[in-house]
Amino acid sequence: MKLIESKTYINLAKSFVAECQARVRYEFIEYGARMQGYKALAETIDKIVFNEFNHARMFYTKLQDAEVEQINNIDICGGFPFKEKWDLEKNLLLASEDEEAEVKLYPKFAKIANEEGFPEIATLFTNIAKIEKEHQKTFISLYEQFKNKTLYKKQKNTKWKCPHCGYTCDGTEAPKTCPVCNEKQESFVVNN
């Protein structure tokens with residue numbers, strides 16, 4: 001079977017669109033975090049944004065493997081979420097739900113790709129589903145920490161680092177301001 005004649009072809013297009021939309025939705029969340037002064041939170045989300053960009057890139061690359069010189073248009077029908085508002089805490093929870101949808105969908109797309117004779121694409125769907133599961137866990141963790149006000153406060157002694165000047169310290173809470181460069185607490189990250 002040719003890729004262009006398969007359900008896998010349409011699933012790649014749907015996945016490309018979904019990853020592009022997820023990237024932009026998460027950029028909105030990252031922007032909100034940054035505007036509210038949560039620089040470390042924004043940096044964590046920005047890493048997921050970059051992952052989503054690369055997922056879209058991989059799906060797009062696989063679409064380009066179709067047996068045509070140029071793809072002018074692919075008609076797809078799909079539902080895409082527009083749940084996020086301008087509430088940072090709620091958006092972190094909603095992002096975890098968005099990731100859960102992909103965690104459930106991509107294995108189905110992998111199964112179809114295998115059945116249609118595209119094992120490499122099936123592996124791509126399977127591997128990206130695993131990554132989306134990790135994104136889901138990250139968003140849930142960020143949501144719980146934000147909601148419980150434990151982003152910068154931990155129950156056990158933790159090593160904190162100022163990403164601006166490199167200052168590190170131990171404690172159950174990040175410093176209110178960095179004693180070296182005066183950066184605010186919201187910039188501190190856990191130094192693993």
# chains A, B, ... in the order shown; residues from 1 in each chain; ligands from 1
>>> residues_around(residues="Glu97 of chain A", least_positions_apart="6", cutoff="9 Å", atoms="only C-alpha atoms", output="list of chain:residue names")
A:Gln136, A:Phe139, A:Ile140
>>> residues_around(residues="Lys14 of chain A", least_positions_apart="6", cutoff="9 Å", atoms="only C-alpha atoms", output="number ranges by chain")
A: 76-78
>>> closest_residue(among="A:Lys7, A:Arg25, A:Lys2, A:Lys153", to="Leu94 of chain A", atoms="only C-alpha atoms")
A:Arg25
>>> closest_residue(among="A:Ala110, A:Ile45, A:Leu142, A:Val103", to="Lys130 of chain A", atoms="only C-alpha atoms")
A:Val103
>>> residues_around(residues="segment 118-128 of chain A", least_positions_apart="4", cutoff="7 Å", atoms="only C-alpha atoms", output="ChimeraX atom specification")
/A:106-107,109-111,113-114,132
>>> write_last_selection(atoms="N, CA, C and O atoms", output="mmCIF file, in the first residue's frame")
data_model
loop_
_atom_site.group_PDB
_atom_site.id
_atom_site.type_symbol
_atom_site.label_atom_id
_atom_site.label_comp_id
_atom_site.auth_asym_id
_atom_site.auth_seq_id
_atom_site.Cartn_x
_atom_site.Cartn_y
_atom_site.Cartn_z
ATOM 1 N N TYR A 106 -2.385 8.114 19.952
ATOM 2 C CA TYR A 106 -1.242 7.683 19.158
ATOM 3 C C TYR A 106 -1.055 6.165 19.113
ATOM 4 O O TYR A 106 -0.657 5.641 18.069
ATOM 5 N N PRO A 107 -1.328 5.416 20.173
ATOM 6 C CA PRO A 107 -1.247 3.957 20.034
ATOM 7 C C PRO A 107 -2.242 3.404 19.004
ATOM 8 O O PRO A 107 -1.934 2.433 18.304
ATOM 9 N N PHE A 109 -3.183 5.050 16.316
ATOM 10 C CA PHE A 109 -2.567 5.373 15.035
ATOM 11 C C PHE A 109 -1.410 4.421 14.740
ATOM 12 O O PHE A 109 -1.189 4.042 13.583
ATOM 13 N N ALA A 110 -0.682 4.011 15.767
ATOM 14 C CA ALA A 110 0.420 3.066 15.594
ATOM 15 C C ALA A 110 -0.104 1.713 15.106
ATOM 16 O O ALA A 110 0.487 1.095 14.210
ATOM 17 N N LYS A 111 -1.204 1.284 15.680
ATOM 18 C CA LYS A 111 -1.803 0.000 15.290
ATOM 19 C C LYS A 111 -2.208 0.030 13.809
ATOM 20 O O LYS A 111 -1.933 -0.911 13.055
ATOM 21 N N ALA A 113 -0.993 2.000 11.474
ATOM 22 C CA ALA A 113 0.231 2.068 10.661
ATOM 23 C C ALA A 113 0.859 0.676 10.505
ATOM 24 O O ALA A 113 1.299 0.306 9.410
ATOM 25 N N ASN A 114 0.894 -0.086 11.582
ATOM 26 C CA ASN A 114 1.427 -1.456 11.497
ATOM 27 C C ASN A 114 0.585 -2.305 10.561
ATOM 28 O O ASN A 114 1.122 -3.042 9.728
ATOM 29 N N GLU A 132 4.560 11.983 25.304
ATOM 30 C CA GLU A 132 3.373 12.743 25.718
ATOM 31 C C GLU A 132 2.929 12.331 27.128
ATOM 32 O O GLU A 132 2.446 13.165 27.891
#
>>> closest_residue(among="A:Ala174, A:Val24, A:Gly166, A:Leu63", to="Leu151 of chain A", atoms="only C-alpha atoms")
A:Ala174
>>> select_by_dssp(residues="chain A", states="alpha helix (DSSP H)", output="VMD selection string")
chain A and resid 7 to 35 39 to 63 88 to 115 119 to 147
>>> closest_residue(among="A:Lys149, A:Glu183, A:Asn91, A:Ala40", to="Cys165 of chain A", atoms="only C-alpha atoms")
A:Glu183
